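**Q** work_32.csv is reproduced below (CSV, C-alpha atoms).
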```
chain,number,residue,atom,x,y,z
A,28,MET,CA,0.0,0.0,0.0
A,29,LYS,CA,2.8,2.4,0.9
A,30,ASN,CA,4.6,1.7,-2.4
A,31,LYS,CA,1.4,2.4,-4.3
A,32,LEU,CA,1.0,5.7,-2.5
A,33,VAL,CA,4.5,6.7,-3.3
A,34,PHE,CA,4.0,5.7,-7.0
A,35,VAL,CA,0.8,7.8,-7.2
A,36,LEU,CA,2.4,10.8,-5.6
A,37,PHE,CA,5.4,10.5,-8.0
A,38,LEU,CA,3.0,10.2,-11.0
A,39,ILE,CA,1.1,13.3,-9.8
A,40,MET,CA,4.3,15.3,-9.4
A,41,LEU,CA,5.5,14.2,-12.8
A,42,THR,CA,2.3,15.1,-14.7
A,43,ALA,CA,0.9,18.0,-12.7
A,44,PRO,CA,3.2,20.7,-14.3
A,45,ALA,CA,2.2,19.8,-17.8
A,46,ILE,CA,-1.5,19.5,-17.1
A,47,THR,CA,-1.8,22.7,-15.0
A,48,PHE,CA,0.3,24.7,-17.5
A,49,LEU,CA,-2.3,24.1,-20.1
A,50,PHE,CA,-4.8,26.1,-18.0
A,51,LEU,CA,-2.4,28.7,-16.6
A,52,LYS,CA,-0.1,29.5,-19.5
A,53,ASP,CA,-2.2,32.5,-20.6
A,54,TYR,CA,-2.1,34.0,-17.1
A,55,ILE,CA,1.6,33.7,-16.4
A,56,ASP,CA,4.8,34.8,-18.1
A,57,SER,CA,5.4,32.2,-20.9
A,58,GLU,CA,6.9,34.4,-23.5
A,59,ASN,CA,10.2,33.8,-25.4
A,60,HIS,CA,12.7,36.3,-23.9
A,61,GLU,CA,15.8,34.8,-25.4
A,62,ASN,CA,16.1,36.8,-28.7
A,63,ARG,CA,16.1,33.6,-30.8
A,64,VAL,CA,13.5,31.4,-32.5
A,65,PHE,CA,12.6,28.4,-30.4
A,66,ALA,CA,13.2,24.9,-31.8
A,67,GLU,CA,10.4,23.4,-33.9
A,68,LYS,CA,8.8,20.1,-32.8
A,69,PRO,CA,10.7,17.4,-34.7
A,70,GLN,CA,8.9,14.9,-36.9
A,71,PHE,CA,9.9,11.3,-36.2
A,72,SER,CA,11.0,9.2,-39.1
A,73,ILE,CA,13.6,6.5,-39.7
A,74,GLU,CA,15.7,8.9,-41.8
A,75,ALA,CA,15.7,11.5,-38.9
A,76,LEU,CA,16.4,8.9,-36.2
A,77,PRO,CA,20.1,9.8,-35.6
A,78,SER,CA,19.3,13.5,-34.9
A,79,PHE,CA,15.8,13.0,-33.4
A,80,PRO,CA,16.9,12.7,-29.8
A,81,GLN,CA,18.8,16.0,-29.8
A,82,GLN,CA,16.1,17.8,-31.8
A,83,PHE,CA,13.4,16.5,-29.3
A,84,ASP,CA,15.6,17.6,-26.4
A,85,ASP,CA,16.0,21.1,-27.8
A,86,TRP,CA,12.3,21.4,-28.5
A,87,PHE,CA,11.3,20.1,-25.0
A,88,ASN,CA,13.7,22.4,-23.2
A,89,ASP,CA,12.4,25.4,-25.2
A,90,TYR,CA,8.8,24.7,-24.4
A,91,LEU,CA,9.2,23.3,-20.9
A,92,PRO,CA,6.2,24.1,-18.7
A,93,TYR,CA,6.9,26.9,-16.3
A,94,LYS,CA,10.3,27.5,-17.9
A,95,ASN,CA,10.4,31.2,-17.1
A,96,GLN,CA,9.4,30.6,-13.6
A,97,LEU,CA,12.0,27.9,-13.2
A,98,VAL,CA,14.7,30.1,-14.6
A,99,MET,CA,13.6,32.9,-12.2
A,100,ALA,CA,13.7,30.5,-9.3
A,101,ASN,CA,17.2,29.3,-10.2
A,102,THR,CA,18.4,32.9,-10.6
A,103,MET,CA,17.1,33.8,-7.2
A,104,LYS,CA,18.6,30.7,-5.7
A,105,ASN,CA,22.0,31.5,-7.1
A,106,ASP,CA,21.7,35.1,-6.0
A,107,PHE,CA,20.8,34.0,-2.5
A,108,LEU,CA,23.6,31.4,-2.3
A,109,GLY,CA,26.2,33.6,-4.0
A,110,VAL,CA,26.8,31.0,-6.6
A,111,GLY,CA,29.6,31.9,-9.0
A,112,THR,CA,30.3,30.7,-12.6
A,113,THR,CA,33.7,30.0,-14.1
A,114,ALA,CA,34.8,31.4,-17.4
A,115,MET,CA,34.6,27.9,-18.9
A,116,GLU,CA,31.0,27.5,-17.8
A,117,TYR,CA,30.1,30.9,-19.3
A,118,MET,CA,31.5,29.7,-22.6
A,119,THR,CA,29.0,26.9,-22.8
A,120,GLY,CA,26.3,28.0,-20.4
A,121,SER,CA,23.9,30.9,-19.8
A,122,MET,CA,23.0,33.5,-22.4
A,123,VAL,CA,23.4,36.0,-19.6
A,124,ILE,CA,26.6,36.8,-17.6
A,125,LYS,CA,25.8,38.0,-14.1
A,126,GLY,CA,28.4,40.7,-13.2
A,127,LYS,CA,29.1,42.7,-10.1
A,128,ASP,CA,26.5,45.0,-8.6
A,129,ASN,CA,23.8,43.0,-10.6
A,130,TRP,CA,25.1,44.3,-13.9
A,131,LEU,CA,24.1,41.9,-16.7
A,132,PHE,CA,26.0,41.1,-19.9
A,133,TYR,CA,25.0,39.3,-23.1
A,134,ASN,CA,26.5,35.9,-23.9
A,135,ALA,CA,24.6,34.9,-27.1
A,136,GLU,CA,26.0,31.7,-28.7
A,137,LYS,CA,26.0,33.0,-32.2
A,138,GLN,CA,27.5,36.4,-31.4
A,139,GLN,CA,31.0,37.2,-30.2
A,140,SER,CA,30.7,39.5,-27.2
A,141,PHE,CA,32.2,37.0,-24.8
A,142,ASN,CA,35.2,36.2,-27.0
A,143,ASP,CA,35.5,39.9,-28.0
A,144,TYR,CA,36.0,40.7,-24.3
A,145,LEU,CA,38.5,37.9,-23.9
A,146,CYS,CA,40.4,39.1,-27.0
A,147,ASN,CA,40.9,35.5,-28.1
A,148,ASN,CA,39.2,35.7,-31.5
A,149,LEU,CA,41.5,37.8,-33.6
A,150,TYR,CA,41.5,37.7,-37.4
A,151,GLU,CA,44.1,36.2,-39.7
A,152,GLU,CA,45.6,38.6,-42.2
A,153,ALA,CA,43.8,36.9,-45.1
A,154,GLU,CA,40.5,37.3,-43.3
A,155,LEU,CA,41.1,41.1,-42.8
A,156,ALA,CA,42.0,41.5,-46.5
A,157,GLU,CA,38.8,39.7,-47.6
A,158,ILE,CA,36.6,41.8,-45.3
A,159,ALA,CA,38.2,45.0,-46.4
A,160,GLU,CA,37.8,44.0,-50.0
A,161,GLY,CA,34.0,43.7,-49.5
A,162,TYR,CA,33.8,47.2,-48.1
A,163,VAL,CA,35.9,48.7,-50.8
A,164,LYS,CA,33.7,47.0,-53.5
A,165,LEU,CA,30.6,48.5,-51.9
A,166,GLN,CA,32.3,51.9,-51.5
A,167,LYS,CA,33.3,52.0,-55.2
A,168,LYS,CA,29.7,51.3,-56.3
A,169,LEU,CA,28.3,53.9,-53.9
A,170,LYS,CA,30.7,56.5,-55.3
A,171,GLU,CA,29.3,55.8,-58.7
A,172,LEU,CA,25.9,56.7,-57.3
A,173,GLY,CA,27.2,59.8,-55.6
A,174,ILE,CA,27.0,58.3,-52.1
A,175,GLU,CA,29.7,58.5,-49.4
A,176,LEU,CA,30.1,55.3,-47.3
A,177,VAL,CA,30.8,55.5,-43.6
A,178,VAL,CA,31.2,52.4,-41.4
A,179,PHE,CA,30.2,52.8,-37.8
A,180,TYR,CA,30.9,50.1,-35.1
A,181,ALA,CA,29.1,50.4,-31.7
A,182,ALA,CA,31.2,49.0,-28.9
A,183,ASN,CA,30.1,46.0,-26.9
A,184,LYS,CA,28.9,46.7,-23.3
A,185,GLU,CA,31.7,44.6,-21.9
A,186,GLN,CA,34.4,46.8,-23.5
A,187,ILE,CA,33.0,49.9,-21.8
A,188,TYR,CA,32.2,48.5,-18.4
A,189,PRO,CA,34.8,45.7,-17.8
A,190,GLU,CA,34.8,46.6,-14.1
A,191,TYR,CA,31.4,45.0,-13.7
A,192,MET,CA,32.4,41.8,-15.4
A,193,PRO,CA,32.9,38.8,-13.1
A,194,SER,CA,36.4,38.6,-11.6
A,195,SER,CA,36.6,35.0,-12.8
A,196,ILE,CA,36.6,36.1,-16.5
A,197,VAL,CA,40.1,37.4,-17.3
A,198,PRO,CA,40.9,38.7,-20.8
A,199,VAL,CA,44.0,37.3,-22.5
A,200,GLY,CA,44.8,40.7,-23.9
A,201,THR,CA,43.5,44.3,-24.5
A,202,TYR,CA,43.6,44.3,-28.4
A,203,SER,CA,40.2,43.2,-29.6
A,204,ARG,CA,39.0,41.8,-33.0
A,205,THR,CA,37.2,45.1,-33.7
A,206,ASP,CA,40.3,47.1,-32.8
A,207,GLN,CA,42.2,45.0,-35.3
A,208,LEU,CA,39.6,45.4,-38.1
A,209,VAL,CA,39.4,49.1,-37.6
A,210,ASP,CA,43.2,49.5,-37.7
A,211,TYR,CA,43.3,47.4,-40.8
A,212,MET,CA,40.6,49.5,-42.5
A,213,HIS,CA,42.4,52.7,-41.6
A,214,ALA,CA,45.7,51.4,-42.9
A,215,ASN,CA,44.5,49.8,-46.1
A,216,THR,CA,41.4,51.7,-47.3
A,217,ASP,CA,40.2,55.2,-47.4
A,218,ILE,CA,36.8,54.2,-46.0
A,219,PRO,CA,35.9,56.3,-42.9
A,220,THR,CA,35.5,53.6,-40.1
A,221,LEU,CA,34.3,54.9,-36.8
A,222,TYR,CA,34.5,52.8,-33.6
A,223,THR,CA,32.8,54.2,-30.5
A,224,LYS,CA,34.9,52.5,-27.8
A,225,GLU,CA,37.4,55.3,-27.0
A,226,ALA,CA,34.7,58.0,-27.0
A,227,LEU,CA,32.5,56.0,-24.7
A,228,LEU,CA,35.4,55.2,-22.3
A,229,LYS,CA,36.2,58.9,-22.2
A,230,GLU,CA,32.6,60.0,-21.4
A,231,LYS,CA,31.6,57.2,-19.1
A,232,GLU,CA,32.5,59.1,-15.9
A,233,LYS,CA,30.0,61.8,-16.9
A,234,GLY,CA,27.0,59.5,-16.9
A,235,GLN,CA,25.9,55.8,-17.3
A,236,LEU,CA,26.1,55.0,-21.0
A,237,PHE,CA,24.6,51.5,-21.1
A,238,TYR,CA,21.5,50.0,-19.5
A,239,LYS,CA,22.4,47.9,-16.4
A,240,TYR,CA,20.0,45.0,-17.3
A,241,ASP,CA,20.0,45.3,-21.1
A,242,THR,CA,22.4,44.6,-23.9
A,243,HIS,CA,22.2,48.1,-25.4
A,244,TRP,CA,23.5,51.5,-24.8
A,245,ASN,CA,21.1,54.1,-23.5
A,246,ASN,CA,20.3,57.6,-24.8
A,247,LEU,CA,23.5,59.0,-23.3
A,248,GLY,CA,25.6,56.3,-25.0
A,249,GLY,CA,23.8,56.9,-28.3
A,250,PHE,CA,24.4,60.6,-28.0
A,251,VAL,CA,28.1,60.0,-27.6
A,252,GLY,CA,28.1,57.7,-30.6
A,253,GLY,CA,26.2,60.2,-32.7
A,254,GLN,CA,28.9,62.8,-31.9
A,255,LEU,CA,31.5,60.7,-33.7
A,256,LEU,CA,29.5,61.2,-36.9
A,257,ASN,CA,29.1,64.9,-36.0
A,258,GLU,CA,32.9,65.2,-35.5
A,259,TYR,CA,33.7,63.4,-38.8
A,260,PHE,CA,31.2,65.4,-41.0
A,261,HIS,CA,31.3,68.8,-39.3
A,262,GLY,CA,34.5,68.9,-37.3
A,263,GLU,CA,32.7,69.4,-34.0
A,264,TYR,CA,32.3,67.0,-31.1
A,265,VAL,CA,29.8,67.9,-28.3
A,266,SER,CA,30.6,66.3,-25.0
A,267,LEU,CA,28.0,65.3,-22.4
A,268,ASP,CA,29.5,68.2,-20.4
A,269,ASP,CA,28.1,70.6,-23.0
A,270,VAL,CA,24.5,69.4,-22.9
A,271,SER,CA,21.9,68.7,-20.3
A,272,TYR,CA,20.2,65.4,-19.6
A,273,LYS,CA,17.3,64.5,-17.3
A,274,VAL,CA,15.8,61.4,-15.7
A,275,VAL,CA,12.8,60.1,-17.5
A,276,SER,CA,12.3,56.9,-15.5
A,277,THR,CA,13.9,55.1,-12.6
A,278,ASP,CA,12.1,51.7,-12.9
A,279,VAL,CA,13.8,50.4,-16.1
A,280,SER,CA,14.5,46.7,-16.6
A,281,GLY,CA,15.9,45.2,-19.9
A,282,ASP,CA,16.2,42.3,-22.3
A,283,LEU,CA,18.8,40.5,-20.2
A,284,ALA,CA,16.7,40.6,-17.1
A,285,SER,CA,13.8,39.2,-19.2
A,286,ILE,CA,16.0,36.3,-20.4
A,287,LEU,CA,16.5,35.5,-16.7
A,288,SER,CA,12.8,36.0,-16.0
A,289,MET,CA,13.8,38.6,-13.5
A,290,GLY,CA,12.3,41.7,-15.2
A,291,ASN,CA,10.0,42.3,-12.2
A,292,ILE,CA,13.0,42.3,-9.8
A,293,TYR,CA,15.9,43.8,-11.8
A,294,ASN,CA,14.0,47.0,-12.6
A,295,ASP,CA,15.7,49.8,-10.8
A,296,ASP,CA,17.8,51.2,-13.7
A,297,THR,CA,17.4,54.8,-15.1
A,298,GLU,CA,16.2,56.1,-18.4
A,299,TRP,CA,17.8,59.4,-19.5
A,300,GLU,CA,16.9,62.0,-22.1
A,301,VAL,CA,19.4,64.4,-23.6
A,302,THR,CA,18.3,68.0,-23.8
A,303,GLY,CA,20.0,71.3,-24.8
A,304,TYR,CA,21.5,70.0,-28.0
A,305,LYS,CA,21.0,72.3,-31.1
A,306,GLU,CA,17.8,73.7,-29.7
A,307,ASP,CA,17.6,76.1,-32.6
A,308,VAL,CA,17.1,73.2,-35.0
A,309,THR,CA,13.5,72.1,-35.7
A,310,VAL,CA,12.9,68.4,-36.5
A,311,LYS,CA,9.9,66.7,-38.0
A,312,ALA,CA,9.7,63.0,-37.4
A,313,ASP,CA,7.7,60.4,-39.3
A,314,MET,CA,7.5,56.7,-39.7
A,315,ASP,CA,7.6,54.9,-43.1
A,316,GLY,CA,6.8,51.3,-42.3
A,317,ASP,CA,9.6,50.4,-39.8
A,318,ASP,CA,11.8,53.3,-41.0
A,319,PHE,CA,12.4,56.4,-38.9
A,320,VAL,CA,12.3,59.5,-41.2
A,321,PHE,CA,13.4,62.9,-40.1
A,322,THR,CA,13.5,66.3,-41.9
A,323,SER,CA,14.9,69.4,-40.3
A,324,ASP,CA,16.3,72.9,-40.9
A,325,ALA,CA,19.8,71.8,-39.9
A,326,LYS,CA,22.7,73.7,-41.5
A,327,ASP,CA,24.0,70.6,-43.2
A,328,LYS,CA,21.6,70.1,-46.2
A,329,ARG,CA,22.8,66.7,-47.1
A,330,LYS,CA,20.6,63.5,-47.0
A,331,LEU,CA,21.8,60.7,-44.7
A,332,LEU,CA,20.7,57.1,-45.0
A,333,MET,CA,21.6,54.9,-42.0
A,334,TYR,CA,21.3,51.1,-42.0
A,335,ARG,CA,21.2,49.9,-38.5
A,336,ASP,CA,20.9,47.1,-36.0
A,337,SER,CA,19.1,47.5,-32.6
A,338,PHE,CA,21.8,50.0,-31.4
A,339,GLY,CA,20.5,52.4,-34.0
A,340,TYR,CA,17.5,53.3,-31.9
A,341,ALA,CA,19.6,55.5,-29.6
A,342,LEU,CA,21.1,57.4,-32.5
A,343,MET,CA,18.0,59.3,-33.4
A,344,GLY,CA,19.6,62.5,-32.1
A,345,ILE,CA,21.6,62.8,-35.3
A,346,ALA,CA,18.3,64.1,-36.9
A,347,LYS,CA,19.4,67.6,-35.8
A,348,ASP,CA,22.7,67.3,-37.7
A,349,TYR,CA,21.4,66.8,-41.3
A,350,ALA,CA,18.4,68.1,-43.4
A,351,GLN,CA,17.1,64.6,-44.1
A,352,VAL,CA,17.8,61.4,-42.2
A,353,ARG,CA,16.3,58.0,-42.8
A,354,ILE,CA,17.2,55.2,-40.3
A,355,SER,CA,16.3,51.8,-41.7
A,356,ARG,CA,16.6,48.0,-41.4
A,357,ASN,CA,14.6,47.4,-44.6
A,358,THR,CA,17.3,45.9,-46.9
A,359,ASP,CA,14.7,44.9,-49.5
A,360,ALA,CA,14.3,48.6,-50.2
A,361,PHE,CA,18.0,49.4,-50.2
A,362,ALA,CA,18.3,49.7,-54.0
A,363,ALA,CA,15.2,51.9,-54.2
A,364,TYR,CA,16.5,54.2,-51.5
A,365,CYS,CA,19.8,54.6,-53.2
A,366,LYS,CA,18.1,55.4,-56.5
A,367,GLU,CA,15.1,57.5,-55.4
A,368,MET,CA,16.2,59.1,-52.2
A,369,GLN,CA,19.7,59.7,-53.6
A,370,PRO,CA,21.3,60.1,-50.2
A,371,ASP,CA,24.6,61.9,-50.0
A,372,ILE,CA,25.8,59.6,-47.1
A,373,LEU,CA,25.3,56.0,-46.2
A,374,VAL,CA,26.2,55.0,-42.7
A,375,LEU,CA,26.4,51.3,-41.9
A,376,GLU,CA,25.9,51.0,-38.1
A,377,MET,CA,26.4,47.6,-36.4
A,378,VAL,CA,27.4,46.5,-32.9
A,379,GLU,CA,30.8,44.9,-32.7
A,380,ARG,CA,29.5,41.6,-31.4
A,381,TRP,CA,27.7,41.1,-34.7
A,382,ARG,CA,30.7,39.5,-36.4
A,383,GLU,CA,28.7,38.1,-39.3
A,384,GLY,CA,27.4,41.6,-40.1
A,385,GLN,CA,30.9,43.1,-39.9
A,386,GLU,CA,32.2,40.5,-42.3
A,387,THR,CA,29.4,40.0,-44.9
A,388,TRP,CA,26.7,42.8,-44.7
A,389,CYS,CA,28.6,44.9,-47.1
A,390,ASN,CA,28.6,42.1,-49.7
A,391,GLY,CA,24.8,41.6,-49.4
A,392,LEU,CA,24.2,45.4,-49.8
A,393,TYR,CA,26.5,45.5,-52.8
A,394,ASN,CA,24.6,42.7,-54.5
A,395,LEU,CA,21.4,44.7,-54.1
A,396,ILE,CA,22.8,47.7,-56.0
A,397,ALA,CA,25.3,46.0,-58.4
A,398,ASP,CA,23.0,46.6,-61.4
A,399,LEU,CA,22.1,50.2,-60.7
```
Show me this structure written as structure tokens.
**A**
Amino acid sequence: MKNKLVFVLFLIMLTAPAITFLFLKDYIDSENHENRVFAEKPQFSIEALPSFPQQFDDWFNDYLPYKNQLVMANTMKNDFLGVGTTAMEYMTGSMVIKGKDNWLFYNAEKQQSFNDYLCNNLYEEAELAEIAEGYVKLQKKLKELGIELVVFYAANKEQIYPEYMPSSIVPVGTYSRTDQLVDYMHANTDIPTLYTKEALLKEKEKGQLFYKYDTHWNNLGGFVGGQLLNEYFHGEYVSLDDVSYKVVSTDVSGDLASILSMGNIYNDDTEWEVTGYKEDVTVKADMDGDDFVFTSDAKDKRKLLMYRDSFGYALMGIAKDYAQVRISRNTDAFAAYCKEMQPDILVLEMVERWREGQETWCNGLYNLIADL
């Protein structure tokens, strides 16, 4: 009788989460916070048998009942116990690195921020030459269309706030892959290649430039980045000392906190707004699909087209620097924009951890306009 009772209790414990989750999933946090597409449910067949166990395991882990609640409980347990993680475990483990003072850092498998920080992923000379060749080819075509190319790399969060990274993670050097690529571009091409790291390091004592619980820079960081473009095109750099900024909110969380299912706990960060910059310039803002389109009475009458990743959101302040600005991710319309908008400037903005973008995005864009 005792054994039957134990068996029944075990069976209830085993099946209850799956059954109750069917009724509760619409009332609790069950969203995908991991910035990736979850695995599809695999179809069993004899041909797929060798890979089926791993595919099923990936699917099951992605759709595990109460996954977010379990992740949250594990995070809270580790915080309470002060559990640390070694560098080797970070390489193969969580998408989020828990740093000092609860600072969170991104550790996405398909991106390079962790290895960028370690400085253990430098290019070979032939790789640098191949990447540069792609940019030069795009630059040449754009020149034929009357468009100037500027390459803009937004620094990883780890590069700007290494003091908050776990002490167990020790870089092997200080010269990163992006440092290497930028130096090569400067030495071997005439393409303006801007990298925000030094400017952000210089300005960081004047204000927090990245979100504490998010992968991205905030409005202050974006303003500093935008000033590199201002300096290049207009010969002027406006420091954070020369503008005002105010607190918009003090209950900000972020995407990294969401990945840990801790958005309701890690939510004491600050949102800032920059004021006092070119107040005499009037800007009109519109949306064209997912594009941000700005027109202004700025002194510089040129038209600027920016292709961006998610770091481009904080660069909207450049709208005061040029008469027309379009900030886009719509590569399908790239050829049409080059032909119809006829921009004077094309800025390719990408965060340095996006290694694939740094290496191949220029080739994809070239193919779109090769026949113009």
**Q** As a list in words, please: the residues near Gln139 in chain A (cut-off 7 Å, only C-alpha atoms, same-chain neighbours under 6 positions excluded).
**A**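 Selected residues are Arg380, Trp381 and Arg382 of chain A.
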**Q** May I have the residues within 7 Å of range 189-197 of chain A as a ChimeraX atom specification, using only C-alpha atoms and disregarding those fewer than 2 positions away in the same chain?
**A** /A:113-114,126-127,130,145,185-187,199
**Q** Choose the residue, out of A:Gly303, A:Gly161, A:Gly173, A:Pro370, that has the smallest atom-to-atom separation from Arg329 in chain A; count only C-alpha atoms.
**A**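 Closest to Arg329 in chain A, using only C-alpha atoms: A:Pro370.
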**Q** Out of A:Pro198, A:Arg204, A:Gly262, A:Thr302, which residue has the shortest atom-to-atom distance to Leu247 in chain A when counting all atoms listed in the file?
**A**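 Using all atoms listed in the file, the shortest distance to Leu247 in chain A belongs to A:Thr302.
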**Q** Of the candidates A:Phe132, A:Phe361, A:Tyr202, A:Trp244, which one gets nearest to Leu149 in chain A if we count all atoms listed in the file?
**A**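 The closest residue to Leu149 in chain A is A:Tyr202.
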**Q** Point out the residue among A:Val352, A:Val251, A:Leu236, A:Ile396 with the least atom-to-atom distance to Tyr264 in chain A, counting all atoms listed in the file.
**A**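 Looking at the shortest contact to Tyr264 in chain A, the residue is A:Val251.
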**Q** Please compute the CA of Cys365 in chain A-CA of Leu332 in chain A distance, one decimal, in Å.
**A**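 Computing it gives 8.6 Å between the two atoms.
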**Q** Which residue out of A:Thr205, A:Thr277, A:Thr220, A:Gln351 has the minimum interatomic distance to Asp313 in chain A when all atoms listed in the file are used?
**A**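 For Asp313 in chain A, the nearest of the given residues is A:Gln351.
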**Q** Restricting the calculation to all atoms listed in the file: of A:Met333, A:Ala214, A:Leu395, A:Leu172, which residue gets closest to Asp359 in chain A?
**A**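 The closest residue to Asp359 in chain A is A:Leu395.
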**Q** Between CA of Ser140 in chain A and CA of Glu225 in chain A, what is the distance, to one decimal in Å?
**A**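 Calculated distance between CA of Ser140 in chain A and CA of Glu225 in chain A is 17.2 Å.
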**Q** In Å, with one decimal, what is the gap from CA of Val177 in chain A to CA of Asp282 in chain A?
**A** 29.0 Å
**Q** List as a short mmCIF file (atom, residue, chain, number, x, y, z; two decimals) with C-alpha atoms, in the coordinates of the input: which residues have an atom within 10 Å of (34.2, 45.0, -40.6), counting all atoms listed in the file?
**A**
```cif
data_model
loop_
_atom_site.label_atom_id
_atom_site.label_comp_id
_atom_site.auth_asym_id
_atom_site.auth_seq_id
_atom_site.Cartn_x
_atom_site.Cartn_y
_atom_site.Cartn_z
CA LEU A 155 41.10 41.10 -42.80
CA GLU A 157 38.80 39.70 -47.60
CA ILE A 158 36.60 41.80 -45.30
CA ALA A 159 38.20 45.00 -46.40
CA GLY A 161 34.00 43.70 -49.50
CA TYR A 162 33.80 47.20 -48.10
CA VAL A 178 31.20 52.40 -41.40
CA PHE A 179 30.20 52.80 -37.80
CA TYR A 180 30.90 50.10 -35.10
CA ARG A 204 39.00 41.80 -33.00
CA THR A 205 37.20 45.10 -33.70
CA GLN A 207 42.20 45.00 -35.30
CA LEU A 208 39.60 45.40 -38.10
CA VAL A 209 39.40 49.10 -37.60
CA TYR A 211 43.30 47.40 -40.80
CA MET A 212 40.60 49.50 -42.50
CA THR A 220 35.50 53.60 -40.10
CA MET A 377 26.40 47.60 -36.40
CA GLU A 379 30.80 44.90 -32.70
CA TRP A 381 27.70 41.10 -34.70
CA ARG A 382 30.70 39.50 -36.40
CA GLU A 383 28.70 38.10 -39.30
CA GLY A 384 27.40 41.60 -40.10
CA GLN A 385 30.90 43.10 -39.90
CA GLU A 386 32.20 40.50 -42.30
CA THR A 387 29.40 40.00 -44.90
CA TRP A 388 26.70 42.80 -44.70
CA CYS A 389 28.60 44.90 -47.10
#
```
**Q** Using all atoms listed in the file, which protein or nucleic acid residues come within 12 Å of Ala226 in chain A? Drop anything in the same chain fewer than 5 positions from it, and give the result as a VMD selection string.
**A** chain A and resid 180 to 182 186 to 187 221 231 to 233 236 247 to 256 258 264 to 267
**Q** Can you pull out every residue within 7 Å of Gly281 in chain A, counting all atoms listed in the file, but drop anything in the same chain fewer than 6 positions away, and send it as a list in words?
**A**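 Within the cut-off, the hits are Tyr240, Asp241 and Gly290 of chain A.
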